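Below you'll find the structure, written out as structure tokens, and then a few comments.
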2 protein chains.
Amino acid sequence: MKKNKLESKLSAHSPTYQPLYKQVEEYVTQLIIEQRWKPGDMLPNEFQLAKEFNVSQGTVRKALNALTDAQILNRKQGIGTFVSEHTDQQALYRFFPLVADNKKPQLPMSETISRQLILATKNIAKNLQLKENEEVIVLSRLRKIDDEPCILEDIYLPKKYFNKLMEEPEIPHTLYHFYQTHYHLTVQDITDQVKAVLATSSDAQRLGINVGDPMLSFTRLARSLNDKLIEYRITRCRSDKYHYLVNLS
Amino acid sequence: MKKNKLESKLSAHSPTYQPLYKQVEEYVTQLIIEQRWKPGDMLPNEFQLAKEFNVSQGTVRKALNALTDAQILNRKQGIGTFVSEHTDQQALYRFFPLVADNKKPQLPMSETISRQLILATKNIAKNLQLKENEEVIVLSRLRKIDDEPCILEDIYLPKKYFNKLMEEPEIPHTLYHFYQTHYHLTVQDITDQVKAVLATSSDAQRLGINVGDPMLSFTRLARSLNDKLIEYRITRCRSDKYHYLVNLS
DNA sequence: TAGTGGTCTAGACCACATT
DNA sequence: ATGTGGTCTAGACCACTAC
């Protein structure tokens with residue numbers, strides 16, 4: 001009897017049983033993590049994958065469609081199946097929730113104000129699940145929408161995942177695409193905790209608002225495809241003309 | 001040649017072409033709206049539906065699974081397919097984003113402070129897509145987590161969808177379940193716009209905080225299964241111990 | 001034991017895009 | 001003309017639940 005490359009179908013009662021299409025999903029994800037296919041690459045067609053994995057084409061299809069729903073792949077009729085890239089458009093709709101009141105969503109420009117190498121404080125270590133005193137890179141950015149400064153960001157990155165970041169000549173403003181192309185880290189899952197705070201004198205000075213004005217502040221944790229915590233970010237945004245937009249459906 | 005009850009397969013080039021499984025999805029949704037099946041009811045099994053719609057069982061399955069992903073149905077192996085109900089648990093995870101810092105999500109108690117019938121202001125009319133001066137019911141609620149007052153809500157409901165609401169002896173604290181059971185309106189889609197504001201003297205008094213403290217304020221628009229705007233809500237929450245939690249994945 | 005949804009396969013045909 | 005994903009069908013078998 002022929003044996004699957006993936007776990008045999010007969011193991012249905014083992015405690016780690018996964019349906020074949022789930023196994024295909026995980027295996028394809030693993031291959032992407034290991035860079036057999038990189039963002040933008042086209043996968044082999046369904047029949048080729050089916051042959052490689054020793055499953056039927058329908059099972060491959062179910063797996064690829066699930067990965068498409070998870071935005072890990074995208075498929076185009078008549079063309080092929082591709083590993084998703086974090087383009088500007090995607091980043092905007094998927095990960096950037098701040099919108100000017102009564103306007104369409106728009107991706108702001110970013111200016112990196114400072115770049116430092118520090119040792120993780122207790123708080124940073126806890127959030128990024130690092131040991132205290134592990135090395136962390138801190139980026140401070142000022143972001144502008146329609147040329148108006150409106151957002152301040154402090155971004156904490158584990159040095160171990162971003163080895164050469166301190167030596168980069170320049171940091172582009174679409175960070176998640178940068179993580180993907182330069183560090184093989186694809187942001188897959190984000191949690192934001194939104195709070196209201198009062199503008200400090202430093203906020204006020206940099207954004208041209210008044211001390212004590214209400215501001216939105218959110219702390220973000222981002223996980224990569226391989227489920228590692230790769231970014232801890234604190235964003236502060238003036239709240240007079242901007243809001244944080246959420247759709248629950 | 002046999003003809004489908006649903007649009008014929010042969011109309012593939014008509015401008016309104018929908019694949020069969022999409023048509024099944026929409027038809028089943030319509031039947032739920034028309035109350036052939038109510039929240040909690042079990043649907044016929046896949047083969048019975050397939051026979052009724054003159055499609056194959058696999059096509060019905062694809063449609064029912066899509067509706068399950070959209071949380072309109074839920075399916076249990078060995079039992080059946082059911083129309084979703086807005087239970088407390090569901091409401092909490094799906095629609096209630098406010099969480100006490102460092103705690104698990106928890107559904108707050110609600111006390112209805114006032115109930116009024118008013119004419120829509122320009123702002124309310126715009127948000128609920130009503131004509132100005134259409135009748136609107138306003139509920140004001142105070143919500144408590146762990147017995148601590150923390151949230152104030154003003155809820156605007158078009159009178160035309162909530163006819164007898166002013167006569168209800170009591171308004172329960174799980175509103176979305178109440179809409180579903182008493183007014184056949186299932187909340188399906190929500191948009192929240194989150195802002196930071198300063199506590200007014202009224203906020204401060206009712207929540208036991210200080211005037212000028214930062215607060216989270218979000219305005220919510222809710223659409224029902226049949227895509228009507230049914231609720232406009234303004235929520236204000238003290239931000240010292242609570243945050244608005246979002247997961248983007 | 002009967003009935004439900006879940007998995008897996010196989011194959012025909014369609015729609016779209018490129019060459 | 002060729003190759004891709006999308007739709008639709010048919011049927012076998014498995015797993016879970018209730019009676």
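Going through the structure tokens in order, the chains are called A, B, and so on, while each chain numbers its residues from 1 and the ligands are numbered from 1 in the order shown.
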request  = At a cut-off of 8 Å, list the chain B residues touching chain A, using only C-alpha atoms, as a PyMOL selection string.
outcome  = chain B and resi 70+94-95+188-198+214-216+239+242-249
Taking N, CA and C atoms for each residue, export the selection above as a PDB file, in the first residue's frame.
```
ATOM      1  N   ALA B  70     -19.177  32.914   8.219  1.00  0.00           N
ATOM      2  CA  ALA B  70     -19.733  34.252   8.453  1.00  0.00           C
ATOM      3  C   ALA B  70     -20.502  34.321   9.766  1.00  0.00           C
ATOM      4  N   ARG B  94     -17.498  38.511  20.149  1.00  0.00           N
ATOM      5  CA  ARG B  94     -17.636  39.067  18.813  1.00  0.00           C
ATOM      6  C   ARG B  94     -17.845  40.568  18.819  1.00  0.00           C
ATOM      7  N   PHE B  95     -18.581  41.084  19.809  1.00  0.00           N
ATOM      8  CA  PHE B  95     -19.023  42.471  19.721  1.00  0.00           C
ATOM      9  C   PHE B  95     -18.628  43.352  20.892  1.00  0.00           C
ATOM     10  N   GLN B 188     -25.232  41.773  12.388  1.00  0.00           N
ATOM     11  CA  GLN B 188     -24.325  40.965  11.581  1.00  0.00           C
ATOM     12  C   GLN B 188     -22.983  41.680  11.362  1.00  0.00           C
ATOM     13  N   ASP B 189     -22.997  42.993  11.348  1.00  0.00           N
ATOM     14  CA  ASP B 189     -21.810  43.738  10.936  1.00  0.00           C
ATOM     15  C   ASP B 189     -21.725  45.033  11.734  1.00  0.00           C
ATOM     16  N   ILE B 190     -20.551  45.287  12.292  1.00  0.00           N
ATOM     17  CA  ILE B 190     -20.380  46.454  13.149  1.00  0.00           C
ATOM     18  C   ILE B 190     -19.149  47.256  12.741  1.00  0.00           C
ATOM     19  N   THR B 191     -19.285  48.586  12.757  1.00  0.00           N
ATOM     20  CA  THR B 191     -18.139  49.464  12.557  1.00  0.00           C
ATOM     21  C   THR B 191     -17.988  50.356  13.782  1.00  0.00           C
ATOM     22  N   ASP B 192     -16.781  50.395  14.328  1.00  0.00           N
ATOM     23  CA  ASP B 192     -16.502  51.267  15.467  1.00  0.00           C
ATOM     24  C   ASP B 192     -15.460  52.308  15.068  1.00  0.00           C
ATOM     25  N   GLN B 193     -15.718  53.556  15.441  1.00  0.00           N
ATOM     26  CA  GLN B 193     -14.717  54.608  15.276  1.00  0.00           C
ATOM     27  C   GLN B 193     -14.296  55.054  16.671  1.00  0.00           C
ATOM     28  N   VAL B 194     -13.050  54.773  17.013  1.00  0.00           N
ATOM     29  CA  VAL B 194     -12.579  55.024  18.375  1.00  0.00           C
ATOM     30  C   VAL B 194     -11.832  56.349  18.444  1.00  0.00           C
ATOM     31  N   LYS B 195     -12.167  57.144  19.461  1.00  0.00           N
ATOM     32  CA  LYS B 195     -11.479  58.412  19.685  1.00  0.00           C
ATOM     33  C   LYS B 195     -11.124  58.542  21.159  1.00  0.00           C
ATOM     34  N   ALA B 196     -10.236  59.500  21.441  1.00  0.00           N
ATOM     35  CA  ALA B 196      -9.933  59.856  22.821  1.00  0.00           C
ATOM     36  C   ALA B 196     -10.614  61.186  23.118  1.00  0.00           C
ATOM     37  N   VAL B 197     -11.241  61.278  24.290  1.00  0.00           N
ATOM     38  CA  VAL B 197     -11.894  62.530  24.687  1.00  0.00           C
ATOM     39  C   VAL B 197     -11.593  62.803  26.159  1.00  0.00           C
ATOM     40  N   LEU B 198     -12.020  63.972  26.632  1.00  0.00           N
ATOM     41  CA  LEU B 198     -11.829  64.305  28.043  1.00  0.00           C
ATOM     42  C   LEU B 198     -13.154  64.154  28.777  1.00  0.00           C
ATOM     43  N   PRO B 214      -8.712  61.405  30.672  1.00  0.00           N
ATOM     44  CA  PRO B 214      -8.885  60.894  29.314  1.00  0.00           C
ATOM     45  C   PRO B 214      -9.857  59.721  29.291  1.00  0.00           C
ATOM     46  N   MET B 215     -10.702  59.697  28.282  1.00  0.00           N
ATOM     47  CA  MET B 215     -11.650  58.599  28.123  1.00  0.00           C
ATOM     48  C   MET B 215     -11.653  58.106  26.681  1.00  0.00           C
ATOM     49  N   LEU B 216     -11.941  56.829  26.524  1.00  0.00           N
ATOM     50  CA  LEU B 216     -12.184  56.282  25.194  1.00  0.00           C
ATOM     51  C   LEU B 216     -13.632  56.545  24.825  1.00  0.00           C
ATOM     52  N   SER B 239     -10.606  55.265  30.786  1.00  0.00           N
ATOM     53  CA  SER B 239      -9.463  54.638  30.132  1.00  0.00           C
ATOM     54  C   SER B 239      -8.329  54.346  31.104  1.00  0.00           C
ATOM     55  N   TYR B 242      -9.162  50.387  31.661  1.00  0.00           N
ATOM     56  CA  TYR B 242      -9.767  49.583  30.603  1.00  0.00           C
ATOM     57  C   TYR B 242      -9.174  49.962  29.252  1.00  0.00           C
ATOM     58  N   HIS B 243      -9.218  49.031  28.339  1.00  0.00           N
ATOM     59  CA  HIS B 243      -8.758  49.336  26.986  1.00  0.00           C
ATOM     60  C   HIS B 243      -9.680  48.685  25.966  1.00  0.00           C
ATOM     61  N   TYR B 244      -9.518  49.147  24.742  1.00  0.00           N
ATOM     62  CA  TYR B 244     -10.282  48.612  23.610  1.00  0.00           C
ATOM     63  C   TYR B 244      -9.367  47.623  22.907  1.00  0.00           C
ATOM     64  N   LEU B 245      -9.797  46.378  22.834  1.00  0.00           N
ATOM     65  CA  LEU B 245      -8.920  45.307  22.338  1.00  0.00           C
ATOM     66  C   LEU B 245      -9.289  44.890  20.913  1.00  0.00           C
ATOM     67  N   VAL B 246      -8.291  44.867  20.038  1.00  0.00           N
ATOM     68  CA  VAL B 246      -8.525  44.512  18.634  1.00  0.00           C
ATOM     69  C   VAL B 246      -7.532  43.451  18.211  1.00  0.00           C
ATOM     70  N   ASN B 247      -8.011  42.491  17.482  1.00  0.00           N
ATOM     71  CA  ASN B 247      -7.113  41.520  16.868  1.00  0.00           C
ATOM     72  C   ASN B 247      -7.232  41.608  15.356  1.00  0.00           C
ATOM     73  N   LEU B 248      -6.127  41.844  14.695  1.00  0.00           N
ATOM     74  CA  LEU B 248      -6.112  41.904  13.231  1.00  0.00           C
ATOM     75  C   LEU B 248      -5.378  40.679  12.712  1.00  0.00           C
ATOM     76  N   SER B 249      -6.117  39.756  12.153  1.00  0.00           N
ATOM     77  CA  SER B 249      -5.401  38.590  11.606  1.00  0.00           C
ATOM     78  C   SER B 249      -6.054  38.121  10.320  1.00  0.00           C
TER      79      SER B 249
END
```
inquiry  = Select, as an MDAnalysis selection string, those residues of chain B with any atom no more than 6 Å from chain C (distances computed using only C-alpha atoms (C1' of nucleotides)).
reply    = chainID B and resid 77:80
ask   = With only C-alpha atoms (C1' of nucleotides) as the atoms that count, which of B:Val60, B:Lys164, B:Leu43, B:Gln48 lies nearest to chain D?
value = B:Val60
Would you give me, as JSON lines, each residue of chain D having an atom within 8 Å of an atom of chain B, along with its shortest atom pair and that distance in Å to one decimal, using only C-alpha atoms (C1' of nucleotides) and sorting by chain and residue number?
```
{"residue": "D:DT7", "atom": "C1'", "partner": "B:Pro19", "partner_atom": "CA", "distance": 7.2}
{"residue": "D:DC8", "atom": "C1'", "partner": "B:Thr59", "partner_atom": "CA", "distance": 7.0}
{"residue": "D:DT9", "atom": "C1'", "partner": "B:Ser56", "partner_atom": "CA", "distance": 6.3}
{"residue": "D:DA15", "atom": "C1'", "partner": "B:Gln77", "partner_atom": "CA", "distance": 7.9}
{"residue": "D:DC16", "atom": "C1'", "partner": "B:Gly78", "partner_atom": "CA", "distance": 4.8}
{"residue": "D:DT17", "atom": "C1'", "partner": "B:Gly78", "partner_atom": "CA", "distance": 5.0}
```
Just want the 9 Å neighbourhood of A:Pro172, counted on only C-alpha atoms (C1' of nucleotides), with same-chain residues fewer than 5 positions away dropped. Output as a CSV table (one decimal) with N, CA, C and O atoms, in the first residue's frame.
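Contents of around11.csv, freshly written:
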```csv
chain,number,residue,atom,x,y,z
A,110,SER,N,6.4,58.3,6.8
A,110,SER,CA,7.1,58.1,8.1
A,110,SER,C,8.5,58.7,8.1
A,110,SER,O,9.2,58.4,7.1
A,111,GLU,N,8.9,59.3,9.1
A,111,GLU,CA,10.3,59.8,9.2
A,111,GLU,C,10.9,59.2,10.5
A,111,GLU,O,10.3,59.3,11.6
A,112,THR,N,12.0,58.5,10.3
A,112,THR,CA,12.6,57.9,11.5
A,112,THR,C,13.4,58.9,12.2
A,112,THR,O,14.4,59.5,11.7
A,177,HIS,N,6.7,45.5,5.0
A,177,HIS,CA,7.3,45.1,3.8
A,177,HIS,C,8.8,44.9,3.9
A,177,HIS,O,9.4,44.0,3.4
A,178,PHE,N,9.4,45.9,4.6
A,178,PHE,CA,10.8,45.8,4.9
A,178,PHE,C,11.2,44.6,5.7
A,178,PHE,O,12.2,43.9,5.4
```
query = Which residues in stretch 45-209 of chain B does DSSP call strand (DSSP E or B)? List them as a PyMOL selection string.
reply = chain B and resi 73-76+80-83+98-100+109-119+135-145+148-158+187-198
remark   = In Å and to one decimal, atom CA of B:Phe82 is distant from atom CA of A:Asp69 by 23.3 Å
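Reported to one decimal place, the separation of atom CA of B:Tyr27 from atom CA of A:Lys62 is 24.1 Å.
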Please run DSSP on the backbone and report, as a PDB file with C-alpha atoms, in the first residue's frame, all residues within stretch 10-241 of chain B that come out as helix (DSSP H, G or I).
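Okay, this is what ended up in part07.pdb:
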```
ATOM      1  CA  LEU B  10     -26.559  28.267 -18.193  1.00  0.00           C
ATOM      2  CA  SER B  11     -26.695  31.973 -17.420  1.00  0.00           C
ATOM      3  CA  LEU B  20     -24.669  28.103  -7.619  1.00  0.00           C
ATOM      4  CA  TYR B  21     -23.161  27.870  -4.152  1.00  0.00           C
ATOM      5  CA  LYS B  22     -23.400  31.675  -3.837  1.00  0.00           C
ATOM      6  CA  GLN B  23     -27.026  31.527  -4.850  1.00  0.00           C
ATOM      7  CA  VAL B  24     -27.616  28.873  -2.221  1.00  0.00           C
ATOM      8  CA  GLU B  25     -25.871  31.071   0.363  1.00  0.00           C
ATOM      9  CA  GLU B  26     -28.068  34.037  -0.464  1.00  0.00           C
ATOM     10  CA  TYR B  27     -31.229  31.987  -0.629  1.00  0.00           C
ATOM     11  CA  VAL B  28     -30.596  30.375   2.748  1.00  0.00           C
ATOM     12  CA  THR B  29     -29.820  33.813   4.216  1.00  0.00           C
ATOM     13  CA  GLN B  30     -33.071  35.111   2.759  1.00  0.00           C
ATOM     14  CA  LEU B  31     -35.015  32.229   4.265  1.00  0.00           C
ATOM     15  CA  ILE B  32     -33.496  33.042   7.666  1.00  0.00           C
ATOM     16  CA  ILE B  33     -34.475  36.697   7.274  1.00  0.00           C
ATOM     17  CA  GLU B  46     -27.487  18.562   3.297  1.00  0.00           C
ATOM     18  CA  PHE B  47     -29.225  15.998   1.103  1.00  0.00           C
ATOM     19  CA  GLN B  48     -32.689  17.371   1.840  1.00  0.00           C
ATOM     20  CA  LEU B  49     -31.582  20.909   1.029  1.00  0.00           C
ATOM     21  CA  ALA B  50     -29.783  19.700  -2.095  1.00  0.00           C
ATOM     22  CA  LYS B  51     -32.998  18.057  -3.294  1.00  0.00           C
ATOM     23  CA  GLU B  52     -35.042  21.164  -2.548  1.00  0.00           C
ATOM     24  CA  PHE B  53     -32.639  23.468  -4.381  1.00  0.00           C
ATOM     25  CA  GLN B  57     -24.998  17.881  -1.791  1.00  0.00           C
ATOM     26  CA  GLY B  58     -21.445  19.182  -2.274  1.00  0.00           C
ATOM     27  CA  THR B  59     -22.739  22.543  -3.454  1.00  0.00           C
ATOM     28  CA  VAL B  60     -25.032  22.852  -0.448  1.00  0.00           C
ATOM     29  CA  ARG B  61     -22.103  21.951   1.777  1.00  0.00           C
ATOM     30  CA  LYS B  62     -19.948  24.694   0.320  1.00  0.00           C
ATOM     31  CA  ALA B  63     -22.698  27.258   0.896  1.00  0.00           C
ATOM     32  CA  LEU B  64     -23.433  26.129   4.467  1.00  0.00           C
ATOM     33  CA  ASN B  65     -19.740  26.170   5.351  1.00  0.00           C
ATOM     34  CA  ALA B  66     -19.396  29.710   4.003  1.00  0.00           C
ATOM     35  CA  LEU B  67     -22.371  30.808   6.130  1.00  0.00           C
ATOM     36  CA  THR B  68     -20.734  29.103   9.092  1.00  0.00           C
ATOM     37  CA  ASP B  69     -17.562  31.129   8.501  1.00  0.00           C
ATOM     38  CA  ASP B  88     -23.788  36.064  26.015  1.00  0.00           C
ATOM     39  CA  GLN B  89     -20.628  34.234  25.084  1.00  0.00           C
ATOM     40  CA  GLN B  90     -20.897  35.118  21.424  1.00  0.00           C
ATOM     41  CA  ALA B  91     -21.752  38.725  22.156  1.00  0.00           C
ATOM     42  CA  LEU B  92     -18.702  38.990  24.374  1.00  0.00           C
ATOM     43  CA  TYR B  93     -16.139  37.669  21.943  1.00  0.00           C
ATOM     44  CA  ARG B  94     -17.636  39.067  18.813  1.00  0.00           C
ATOM     45  CA  PHE B  95     -19.023  42.471  19.721  1.00  0.00           C
ATOM     46  CA  LYS B 122     -29.251  65.928  11.592  1.00  0.00           C
ATOM     47  CA  ASN B 123     -26.355  63.891  12.967  1.00  0.00           C
ATOM     48  CA  ILE B 124     -28.459  60.903  13.990  1.00  0.00           C
ATOM     49  CA  ALA B 125     -30.356  60.937  10.698  1.00  0.00           C
ATOM     50  CA  LYS B 126     -27.118  60.985   8.750  1.00  0.00           C
ATOM     51  CA  ASN B 127     -25.598  58.116  10.680  1.00  0.00           C
ATOM     52  CA  LEU B 128     -28.681  55.902  10.592  1.00  0.00           C
ATOM     53  CA  LYS B 159     -38.479  53.587  15.835  1.00  0.00           C
ATOM     54  CA  LYS B 160     -39.655  51.886  12.645  1.00  0.00           C
ATOM     55  CA  TYR B 161     -37.589  48.787  13.405  1.00  0.00           C
ATOM     56  CA  LEU B 165     -39.707  49.173  22.472  1.00  0.00           C
ATOM     57  CA  MET B 166     -41.100  52.148  24.354  1.00  0.00           C
ATOM     58  CA  GLU B 167     -43.768  49.881  25.844  1.00  0.00           C
ATOM     59  CA  LEU B 175     -29.265  44.022  23.842  1.00  0.00           C
ATOM     60  CA  TYR B 176     -28.249  42.160  20.700  1.00  0.00           C
ATOM     61  CA  HIS B 177     -29.922  38.994  21.902  1.00  0.00           C
ATOM     62  CA  PHE B 178     -32.959  41.074  22.752  1.00  0.00           C
ATOM     63  CA  TYR B 179     -33.065  42.592  19.241  1.00  0.00           C
ATOM     64  CA  GLN B 180     -32.915  39.084  17.843  1.00  0.00           C
ATOM     65  CA  THR B 181     -35.594  37.499  19.987  1.00  0.00           C
ATOM     66  CA  HIS B 182     -38.037  40.419  20.198  1.00  0.00           C
ATOM     67  CA  TYR B 183     -37.561  42.251  16.898  1.00  0.00           C
ATOM     68  CA  SER B 201     -18.473  66.881  34.539  1.00  0.00           C
ATOM     69  CA  SER B 202     -21.373  64.560  33.784  1.00  0.00           C
ATOM     70  CA  ASP B 203     -19.004  61.697  32.870  1.00  0.00           C
ATOM     71  CA  ALA B 204     -16.929  62.379  35.935  1.00  0.00           C
ATOM     72  CA  GLN B 205     -19.892  62.387  38.249  1.00  0.00           C
ATOM     73  CA  ARG B 206     -21.417  59.210  36.933  1.00  0.00           C
ATOM     74  CA  LEU B 207     -18.205  57.207  36.739  1.00  0.00           C
TER      75      LEU B 207
END
```
inquiry  = What's around B:Glu135 at 9 Å? Count only C-alpha atoms (C1' of nucleotides), leave out sequence neighbours fewer than 2 positions away in its own chain, and write the answer as a VMD selection string.
reply    = chain B and resid 117 to 120 132 to 133 137 157 to 160
Selection file, N, CA, C and O atoms, as a JSON list (two decimals), in the first residue's frame:
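This is the output file selection-v8.json:
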```json
[["chain", "number", "residue", "atom", "x", "y", "z"],
["B", 117, "LEU", "N", -38.28, 58.82, 23.42],
["B", 117, "LEU", "CA", -38.61, 58.86, 22.00],
["B", 117, "LEU", "C", -38.33, 60.27, 21.52],
["B", 117, "LEU", "O", -38.87, 61.24, 22.06],
["B", 118, "ILE", "N", -37.47, 60.41, 20.51],
["B", 118, "ILE", "CA", -37.12, 61.75, 20.01],
["B", 118, "ILE", "C", -37.22, 61.78, 18.49],
["B", 118, "ILE", "O", -37.44, 60.76, 17.85],
["B", 119, "LEU", "N", -37.04, 62.95, 17.94],
["B", 119, "LEU", "CA", -36.96, 63.08, 16.49],
["B", 119, "LEU", "C", -35.50, 63.15, 16.10],
["B", 119, "LEU", "O", -34.70, 63.82, 16.76],
["B", 120, "ALA", "N", -35.16, 62.48, 15.02],
["B", 120, "ALA", "CA", -33.74, 62.38, 14.63],
["B", 120, "ALA", "C", -33.15, 63.76, 14.39],
["B", 120, "ALA", "O", -33.72, 64.57, 13.66],
["B", 132, "GLU", "N", -34.55, 63.41, 8.29],
["B", 132, "GLU", "CA", -34.54, 64.21, 9.50],
["B", 132, "GLU", "C", -35.95, 64.18, 10.09],
["B", 132, "GLU", "O", -36.93, 64.13, 9.35],
["B", 133, "ASN", "N", -36.04, 64.16, 11.41],
["B", 133, "ASN", "CA", -37.30, 64.15, 12.13],
["B", 133, "ASN", "C", -38.02, 62.79, 12.12],
["B", 133, "ASN", "O", -39.14, 62.70, 12.61],
["B", 137, "ILE", "N", -35.56, 56.05, 19.03],
["B", 137, "ILE", "CA", -35.58, 55.75, 20.46],
["B", 137, "ILE", "C", -34.16, 55.88, 21.01],
["B", 137, "ILE", "O", -33.21, 55.40, 20.38],
["B", 157, "LEU", "N", -31.99, 54.05, 18.19],
["B", 157, "LEU", "CA", -32.62, 52.98, 17.41],
["B", 157, "LEU", "C", -33.77, 53.56, 16.59],
["B", 157, "LEU", "O", -34.63, 54.25, 17.14],
["B", 158, "PRO", "N", -33.82, 53.28, 15.30],
["B", 158, "PRO", "CA", -34.95, 53.77, 14.49],
["B", 158, "PRO", "C", -36.25, 53.18, 15.03],
["B", 158, "PRO", "O", -36.35, 51.96, 15.17],
["B", 159, "LYS", "N", -37.20, 54.05, 15.30],
["B", 159, "LYS", "CA", -38.48, 53.59, 15.84],
["B", 159, "LYS", "C", -39.12, 52.56, 14.91],
["B", 159, "LYS", "O", -39.75, 51.60, 15.36],
["B", 160, "LYS", "N", -38.97, 52.76, 13.59],
["B", 160, "LYS", "CA", -39.66, 51.89, 12.65],
["B", 160, "LYS", "C", -39.23, 50.42, 12.76],
["B", 160, "LYS", "O", -39.99, 49.53, 12.41]]
```
query = atom CA of B:Asp154 and atom CA of B:Ile113, how far apart in Å?
reply = 9.9 Å
